[in-house]
$ cat target13.txt   # compact mmCIF, C-alpha atoms and all ligand atoms
# COMPACT_ATOMS: atom_id res chain seq x y z
CA MET B 233 6.27 -60.34 -30.99
CA PHE B 234 8.86 -60.74 -28.25
CA LEU B 235 8.70 -58.55 -25.15
CA ILE B 236 11.20 -58.02 -22.36
CA HIS B 237 8.88 -58.69 -19.41
CA TRP B 238 10.50 -56.39 -16.81
CA PRO B 239 13.53 -54.08 -16.89
CA THR B 240 14.71 -55.37 -13.44
CA PRO B 241 17.02 -52.33 -13.18
CA ALA B 242 19.18 -53.69 -10.33
CA ARG B 243 20.33 -56.49 -12.64
CA ASP B 244 21.18 -53.94 -15.32
CA ASN B 245 21.00 -56.44 -18.19
CA PHE B 246 18.02 -55.17 -20.20
CA VAL B 247 20.24 -53.33 -22.70
CA ASP B 248 22.07 -56.59 -23.54
CA THR B 249 18.72 -58.38 -23.82
CA TRP B 250 17.47 -55.67 -26.17
CA LYS B 251 20.60 -56.04 -28.35
CA ALA B 252 19.82 -59.78 -28.63
CA PHE B 253 16.20 -58.97 -29.58
CA VAL B 254 17.43 -56.58 -32.29
CA GLU B 255 19.69 -59.32 -33.69
CA ALA B 256 16.83 -61.85 -33.63
CA GLN B 257 14.64 -59.43 -35.58
CA LYS B 258 17.41 -58.72 -38.12
CA GLU B 259 17.78 -62.46 -38.69
CA GLY B 260 14.04 -62.77 -39.31
CA LEU B 261 13.48 -64.96 -36.26
CA VAL B 262 10.89 -62.61 -34.79
CA ARG B 263 8.59 -60.12 -36.49
CA SER B 264 8.20 -57.46 -33.79
CA ILE B 265 10.09 -56.60 -30.63
CA GLY B 266 8.94 -54.62 -27.64
CA VAL B 267 9.16 -54.18 -23.91
CA SER B 268 6.97 -54.35 -20.83
CA ASN B 269 7.04 -52.40 -17.59
CA PHE B 270 9.70 -50.08 -18.99
CA LEU B 271 9.95 -46.56 -17.60
CA PRO B 272 10.95 -43.76 -19.99
CA GLU B 273 14.54 -43.86 -18.69
CA HIS B 274 14.79 -47.57 -19.62
CA ILE B 275 13.39 -46.94 -23.11
CA ASP B 276 15.84 -44.05 -23.61
CA ARG B 277 18.75 -46.37 -22.74
CA ILE B 278 17.83 -49.16 -25.19
CA ILE B 279 17.28 -46.67 -28.01
CA GLU B 280 20.57 -44.94 -27.26
CA ALA B 281 22.38 -48.31 -27.34
CA THR B 282 20.84 -49.67 -30.56
CA GLY B 283 18.87 -46.96 -32.35
CA VAL B 284 15.91 -49.35 -32.38
CA ILE B 285 12.60 -48.17 -30.92
CA PRO B 286 10.36 -50.82 -29.30
CA ALA B 287 7.04 -51.39 -31.08
CA VAL B 288 5.12 -51.52 -27.81
CA ASN B 289 5.50 -51.07 -24.08
CA GLN B 290 3.05 -53.30 -22.20
CA ILE B 291 2.31 -51.45 -18.95
CA GLU B 292 -0.38 -51.55 -16.29
CA THR B 293 -3.10 -49.18 -17.51
CA HIS B 294 -6.76 -48.90 -16.49
CA PRO B 295 -9.16 -46.19 -15.25
CA TYR B 296 -7.60 -46.20 -11.75
CA TYR B 297 -4.06 -46.00 -13.17
CA GLN B 298 -4.14 -44.16 -16.48
CA GLN B 299 -0.43 -43.56 -17.07
CA ARG B 300 -1.13 -39.97 -18.23
CA ASP B 301 2.35 -38.83 -17.21
CA VAL B 302 4.06 -41.12 -19.76
CA ARG B 303 1.55 -41.00 -22.63
CA GLU B 304 3.23 -38.06 -24.41
CA PHE B 305 6.67 -39.71 -24.14
CA HIS B 306 5.38 -42.85 -25.89
CA GLU B 307 3.43 -40.89 -28.51
CA ARG B 308 6.46 -38.79 -29.41
CA LEU B 309 8.58 -41.90 -30.06
CA GLY B 310 5.80 -43.89 -31.73
CA VAL B 311 5.82 -46.61 -29.05
CA ARG B 312 2.29 -48.05 -28.68
CA ILE B 313 1.08 -48.57 -25.12
CA GLU B 314 -0.48 -52.00 -24.54
CA SER B 315 -2.65 -51.91 -21.41
CA TYR B 316 -2.15 -54.84 -19.08
CA SER B 317 -4.58 -55.57 -16.23
CA PRO B 318 -6.93 -53.36 -18.26
CA LEU B 319 -9.85 -54.08 -15.90
CA GLY B 320 -7.64 -53.20 -12.92
CA HIS B 321 -7.22 -56.93 -12.26
CA GLY B 322 -11.01 -56.98 -11.95
CA GLU B 323 -11.18 -54.17 -9.36
CA VAL B 324 -12.50 -51.43 -11.70
CA LEU B 325 -15.47 -53.64 -12.62
CA GLU B 326 -17.08 -52.71 -9.28
CA ASP B 327 -16.79 -48.94 -9.79
CA GLU B 328 -20.05 -46.98 -9.38
CA ALA B 329 -19.33 -44.44 -12.12
CA ILE B 330 -18.50 -47.24 -14.57
CA ALA B 331 -21.70 -49.07 -13.56
CA ALA B 332 -23.78 -45.94 -14.24
CA ILE B 333 -22.20 -45.41 -17.68
CA ALA B 334 -22.70 -49.12 -18.49
CA GLU B 335 -26.36 -49.05 -17.48
CA HIS B 336 -27.00 -45.98 -19.62
CA ALA B 337 -25.22 -47.56 -22.62
CA GLY B 338 -26.89 -50.96 -22.20
CA LYS B 339 -23.45 -52.59 -21.95
CA THR B 340 -21.49 -54.34 -19.18
CA PRO B 341 -18.90 -52.56 -17.01
CA ALA B 342 -16.16 -54.65 -18.68
CA GLN B 343 -17.31 -53.51 -22.14
CA VAL B 344 -17.32 -49.87 -21.02
CA ILE B 345 -13.78 -50.14 -19.61
CA ILE B 346 -12.39 -51.92 -22.68
CA ARG B 347 -14.11 -49.40 -24.97
CA TRP B 348 -12.49 -46.60 -22.92
CA HIS B 349 -9.03 -48.11 -23.66
CA LEU B 350 -9.78 -48.22 -27.39
CA GLN B 351 -11.05 -44.63 -27.47
CA GLU B 352 -7.90 -43.59 -25.61
CA GLY B 353 -5.83 -45.12 -28.46
CA LEU B 354 -4.49 -47.92 -26.26
CA ILE B 355 -3.97 -51.57 -27.24
CA VAL B 356 -5.90 -53.65 -24.72
CA ILE B 357 -5.52 -57.26 -23.51
CA PRO B 358 -8.30 -58.19 -21.07
CA LYS B 359 -8.11 -61.70 -19.64
CA SER B 360 -11.00 -64.01 -18.82
CA GLU B 361 -11.20 -67.74 -18.17
CA SER B 362 -14.85 -67.70 -19.27
CA PRO B 363 -15.52 -68.19 -23.02
CA ASP B 364 -18.75 -66.16 -22.69
CA ARG B 365 -16.89 -63.22 -21.16
CA VAL B 366 -14.14 -63.42 -23.79
CA GLN B 367 -16.87 -63.20 -26.42
CA ALA B 368 -18.63 -60.31 -24.65
CA ASN B 369 -15.31 -58.48 -24.15
CA ILE B 370 -14.89 -58.06 -27.92
CA ASP B 371 -18.49 -56.99 -28.55
CA LEU B 372 -17.55 -53.31 -28.44
CA PHE B 373 -18.18 -51.83 -31.82
CA ASP B 374 -21.88 -50.98 -31.64
CA PHE B 375 -21.53 -48.13 -29.15
CA GLU B 376 -19.34 -45.16 -28.35
CA LEU B 377 -18.53 -43.42 -25.08
CA SER B 378 -19.43 -39.73 -25.14
CA ASP B 379 -16.94 -36.98 -24.27
CA ASP B 380 -18.73 -36.67 -20.92
CA ASP B 381 -18.31 -40.40 -20.25
CA MET B 382 -14.62 -40.19 -21.19
CA ASP B 383 -14.14 -37.19 -18.86
CA ARG B 384 -15.91 -38.99 -16.04
CA ILE B 385 -13.61 -42.01 -16.41
CA ARG B 386 -10.60 -39.71 -16.68
CA GLY B 387 -11.58 -38.42 -13.22
CA LEU B 388 -11.12 -41.90 -11.70
CA ASP B 389 -7.33 -41.76 -12.22
CA ASP B 390 -5.31 -42.30 -9.03
CA PRO B 391 -1.62 -42.17 -10.02
CA GLU B 392 -0.45 -42.63 -6.42
CA GLY B 393 -2.73 -45.48 -5.30
CA GLY B 394 -4.29 -47.05 -8.39
CA ARG B 395 -1.57 -49.51 -9.33
CA THR B 396 -2.33 -53.21 -8.62
CA GLY B 397 0.99 -54.69 -9.80
CA SER B 398 4.65 -54.12 -8.95
CA ASP B 399 6.63 -50.91 -9.41
CA PRO B 400 9.01 -51.28 -12.39
CA ALA B 401 11.54 -48.98 -10.69
CA THR B 402 12.06 -51.46 -7.85
CA PHE B 403 10.90 -54.87 -9.12
CA ASN B 404 14.01 -57.02 -9.55
CA GLU B 405 12.77 -60.59 -9.21
CA GLN B 406 13.48 -63.19 -11.84
CA TYR B 407 10.65 -65.33 -13.20
N1 LIG B 501 3.44 -57.57 -18.47
C1 LIG B 501 3.12 -57.80 -17.20
O1 LIG B 501 3.97 -57.68 -16.29
C2 LIG B 501 1.72 -58.21 -16.85
C3 LIG B 501 1.31 -58.15 -15.50
C4 LIG B 501 -0.03 -58.51 -15.19
C5 LIG B 501 -0.89 -58.93 -16.21
N2 LIG B 501 -0.45 -58.98 -17.50
C6 LIG B 501 -1.34 -59.45 -18.58
O2 LIG B 501 -2.52 -58.66 -18.65
C7 LIG B 501 -3.64 -59.47 -19.05
C8 LIG B 501 -4.81 -59.25 -18.13
O3 LIG B 501 -4.41 -58.90 -16.85
P1 LIG B 501 -5.09 -59.38 -15.49
O4 LIG B 501 -5.55 -60.78 -15.60
O5 LIG B 501 -4.14 -58.99 -14.41
O6 LIG B 501 -6.33 -58.43 -15.28
P2 LIG B 501 -7.65 -57.91 -16.03
O7 LIG B 501 -7.75 -58.39 -17.45
O8 LIG B 501 -7.68 -56.46 -15.73
O9 LIG B 501 -8.79 -58.60 -15.12
C9 LIG B 501 -8.99 -59.99 -15.13
C10 LIG B 501 -10.14 -60.27 -14.16
O10 LIG B 501 -11.34 -59.72 -14.69
C11 LIG B 501 -12.32 -60.74 -14.78
N3 LIG B 501 -13.12 -60.47 -15.99
C12 LIG B 501 -12.71 -60.42 -17.28
N4 LIG B 501 -13.73 -60.13 -18.10
C13 LIG B 501 -14.82 -59.99 -17.32
C14 LIG B 501 -16.19 -59.70 -17.57
N5 LIG B 501 -16.63 -59.47 -18.80
N6 LIG B 501 -17.05 -59.62 -16.52
C15 LIG B 501 -16.61 -59.86 -15.26
N7 LIG B 501 -15.33 -60.13 -14.95
C16 LIG B 501 -14.44 -60.21 -15.96
C17 LIG B 501 -11.56 -62.04 -14.84
O11 LIG B 501 -12.32 -63.08 -14.27
P3 LIG B 501 -12.68 -64.43 -15.11
O12 LIG B 501 -11.38 -64.99 -15.64
O13 LIG B 501 -13.33 -65.27 -14.06
O14 LIG B 501 -13.63 -63.99 -16.20
C18 LIG B 501 -10.34 -61.73 -13.95
O15 LIG B 501 -10.67 -61.91 -12.59
C19 LIG B 501 -3.12 -60.91 -19.04
O16 LIG B 501 -2.92 -61.27 -20.41
C20 LIG B 501 -1.81 -60.86 -18.30
O17 LIG B 501 -0.86 -61.79 -18.76
C21 LIG B 501 0.83 -58.61 -17.84

$ encode --input "target13.txt" --output "structure tokens"
Amino acid sequence: MFLIHWPTPARDNFVDTWKAFVEAQKEGLVRSIGVSNFLPEHIDRIIEATGVIPAVNQIETHPYYQQRDVREFHERLGVRIESYSPLGHGEVLEDEAIAAIAEHAGKTPAQVIIRWHLQEGLIVIPKSESPDRVQANIDLFDFELSDDDMDRIRGLDDPEGGRTGSDPATFNEQY
């Protein structure tokens, strides 16, 4: 899968990049194509230009920044959301409500958060440099969060202040 990392709107070249991705896929050079950090207006533009819908949009998503306002847009088009910084860049691991749910479930806070992503229908890519944590972070299929747990985590959403990364509307740096 190839992703466009950022739309960098001031450069206004993501539509041309998407056209090149579409060509690469047609030629069989890449299996799937998608985007990252795209706002709905950016996704609308690439679809309008090519008719091709991205397979995924990799965007910052975690309990403190749940992206509720764009979920329906993605669902309607069939674009899967892939949660980046799914543990809030580590910050959500310290949350008291998450700790309480984890203690009750006999799991770690990281496992509770990653399980929340899965039950929300999100693709999730936690990162750890520790092999033991990587192993623990996929040990998620012997428990389920209750509706009450899910509601409690839903209540942690802070759309105004929860983001840890850059704002895709204004981020125009080049990596
Ligand atoms: N598309 C984009 O623009 C974009 C932007 C940012 C990030 N990402 C991607 O998102 C992925 C993850 O993002 P992220 O690294 O920002 O944040 P994250 O996965 O939310 O959090 C990573 C932090 O959590 C810690 N951690 C992981 N598992 C743990 C566990 N079981 N117990 C305790 N601590 C744990 C890690 O420490 P240790 O390593 O010490 O375990 C690290 O400090 C990466 O693949 C990254 O490339 C994409």

$ closest_atom_pairs --input "target13.txt" --of "chain B" --to "ligand LIG 501 (chain B)" --cutoff "6 Å" --atoms "only C-alpha atoms and all ligand atoms" --output "CSV"
residue,atom,partner,partner_atom,distance
B:His237,CA,B:LIG501,N1,5.6
B:Ser268,CA,B:LIG501,N1,5.3
B:Gln290,CA,B:LIG501,N1,5.7
B:Tyr316,CA,B:LIG501,O2,3.9
B:Ser317,CA,B:LIG501,O8,3.3
B:Pro318,CA,B:LIG501,O8,4.1
B:Leu319,CA,B:LIG501,O8,3.2
B:Gly320,CA,B:LIG501,O8,4.3
B:His321,CA,B:LIG501,O6,3.5
B:Gly322,CA,B:LIG501,O10,3.9
B:Ala342,CA,B:LIG501,N5,4.8
B:Ile357,CA,B:LIG501,C7,5.3
B:Pro358,CA,B:LIG501,O7,3.7
B:Lys359,CA,B:LIG501,O7,4.0
B:Ser360,CA,B:LIG501,O12,3.3
B:Glu361,CA,B:LIG501,O12,3.7
B:Ser362,CA,B:LIG501,O14,5.0
B:Arg365,CA,B:LIG501,N5,4.4
B:Asn369,CA,B:LIG501,N5,5.6

$ atom_distance --input "target13.txt" --atom1 "CA of Asp276 in chain B" --atom2 "CA of Gly260 in chain B"
24.5 Å

$ atom_distance --input "target13.txt" --atom1 "CA of Gln298 in chain B" --atom2 "CA of Ile278 in chain B"
24.2 Å

$ closest_atom_pairs --input "target13.txt" --of "range 282-341 of chain B" --to "range 384-405 of chain B" --cutoff "8 Å" --atoms "only C-alpha atoms" --output "Markdown table"
| residue | atom | partner | partner_atom | distance |
| --- | --- | --- | --- | --- |
| B:Glu292 | CA | B:Gly397 | CA | 7.3 |
| B:Pro295 | CA | B:Asp389 | CA | 5.7 |
| B:Tyr296 | CA | B:Asp389 | CA | 4.5 |
| B:Tyr297 | CA | B:Gly394 | CA | 4.9 |
| B:Gln298 | CA | B:Asp389 | CA | 5.8 |
| B:Gln299 | CA | B:Pro391 | CA | 7.3 |
| B:Gly320 | CA | B:Thr396 | CA | 6.8 |
| B:His321 | CA | B:Thr396 | CA | 7.1 |
| B:Ala329 | CA | B:Arg384 | CA | 7.5 |
| B:Ile330 | CA | B:Ile385 | CA | 7.4 |

$ closest_residue --input "target13.txt" --among "B:Thr240, B:Ser315, B:Asn269, B:Thr282" --to "Ala252 in chain B" --atoms "all atoms listed in the file"
B:Thr282

$ decode --input "target13.txt" --residues "range 238-257 of chain B" --atoms "N, CA, C and O atoms" --output "short mmCIF file (atom, residue, chain, number, x, y, z; two decimals), in the first residue's frame"
data_model
loop_
_atom_site.label_atom_id
_atom_site.label_comp_id
_atom_site.auth_asym_id
_atom_site.auth_seq_id
_atom_site.Cartn_x
_atom_site.Cartn_y
_atom_site.Cartn_z
N TRP B 238 0.89 13.57 3.64
CA TRP B 238 0.16 14.78 4.04
C TRP B 238 -0.39 15.45 2.78
O TRP B 238 0.25 15.41 1.74
N PRO B 239 -1.52 16.13 2.89
CA PRO B 239 -2.02 16.85 1.71
C PRO B 239 -1.21 18.11 1.40
O PRO B 239 -1.18 18.55 0.25
N THR B 240 -0.54 18.69 2.42
CA THR B 240 0.19 19.97 2.27
C THR B 240 -0.55 20.92 1.32
O THR B 240 -0.06 21.23 0.23
N PRO B 241 -1.72 21.40 1.74
CA PRO B 241 -2.61 22.12 0.81
C PRO B 241 -2.00 23.36 0.17
O PRO B 241 -2.34 23.68 -0.97
N ALA B 242 -1.07 24.04 0.85
CA ALA B 242 -0.48 25.25 0.24
C ALA B 242 0.34 24.91 -0.99
O ALA B 242 0.53 25.76 -1.88
N ARG B 243 0.83 23.68 -1.07
CA ARG B 243 1.60 23.27 -2.25
C ARG B 243 0.69 22.88 -3.41
O ARG B 243 1.09 22.86 -4.56
N ASP B 244 -0.52 22.49 -3.05
CA ASP B 244 -1.56 22.14 -4.02
C ASP B 244 -1.08 21.14 -5.08
O ASP B 244 -1.30 21.34 -6.28
N ASN B 245 -0.39 20.10 -4.64
CA ASN B 245 0.06 19.09 -5.62
C ASN B 245 -0.44 17.68 -5.29
O ASN B 245 -0.04 16.71 -5.91
N PHE B 246 -1.36 17.56 -4.31
CA PHE B 246 -1.78 16.20 -3.94
C PHE B 246 -2.67 15.56 -5.00
O PHE B 246 -2.69 14.33 -5.12
N VAL B 247 -3.36 16.37 -5.82
CA VAL B 247 -4.18 15.77 -6.87
C VAL B 247 -3.27 15.13 -7.93
O VAL B 247 -3.51 13.99 -8.37
N ASP B 248 -2.18 15.81 -8.30
CA ASP B 248 -1.24 15.23 -9.27
C ASP B 248 -0.59 13.97 -8.70
O ASP B 248 -0.40 12.98 -9.41
N THR B 249 -0.26 14.01 -7.40
CA THR B 249 0.34 12.82 -6.77
C THR B 249 -0.65 11.66 -6.81
O THR B 249 -0.29 10.53 -7.13
N TRP B 250 -1.92 11.97 -6.54
CA TRP B 250 -2.94 10.90 -6.55
C TRP B 250 -3.09 10.32 -7.96
O TRP B 250 -3.22 9.09 -8.12
N LYS B 251 -3.02 11.17 -8.99
CA LYS B 251 -3.10 10.66 -10.37
C LYS B 251 -1.95 9.69 -10.64
O LYS B 251 -2.14 8.65 -11.29
N ALA B 252 -0.76 10.01 -10.13
CA ALA B 252 0.39 9.12 -10.31
C ALA B 252 0.17 7.80 -9.56
O ALA B 252 0.52 6.72 -10.06
N PHE B 253 -0.43 7.88 -8.37
CA PHE B 253 -0.72 6.66 -7.60
C PHE B 253 -1.70 5.77 -8.38
O PHE B 253 -1.56 4.55 -8.44
N VAL B 254 -2.71 6.41 -8.97
CA VAL B 254 -3.73 5.66 -9.72
C VAL B 254 -3.06 4.94 -10.90
O VAL B 254 -3.34 3.76 -11.17
N GLU B 255 -2.17 5.63 -11.59
CA GLU B 255 -1.43 5.02 -12.70
C GLU B 255 -0.60 3.83 -12.22
O GLU B 255 -0.59 2.76 -12.83
N ALA B 256 0.10 4.03 -11.09
CA ALA B 256 0.96 2.96 -10.54
C ALA B 256 0.13 1.73 -10.21
O ALA B 256 0.54 0.59 -10.45
N GLN B 257 -1.07 1.96 -9.69
CA GLN B 257 -1.94 0.82 -9.36
C GLN B 257 -2.42 0.13 -10.63
O GLN B 257 -2.42 -1.11 -10.72
#
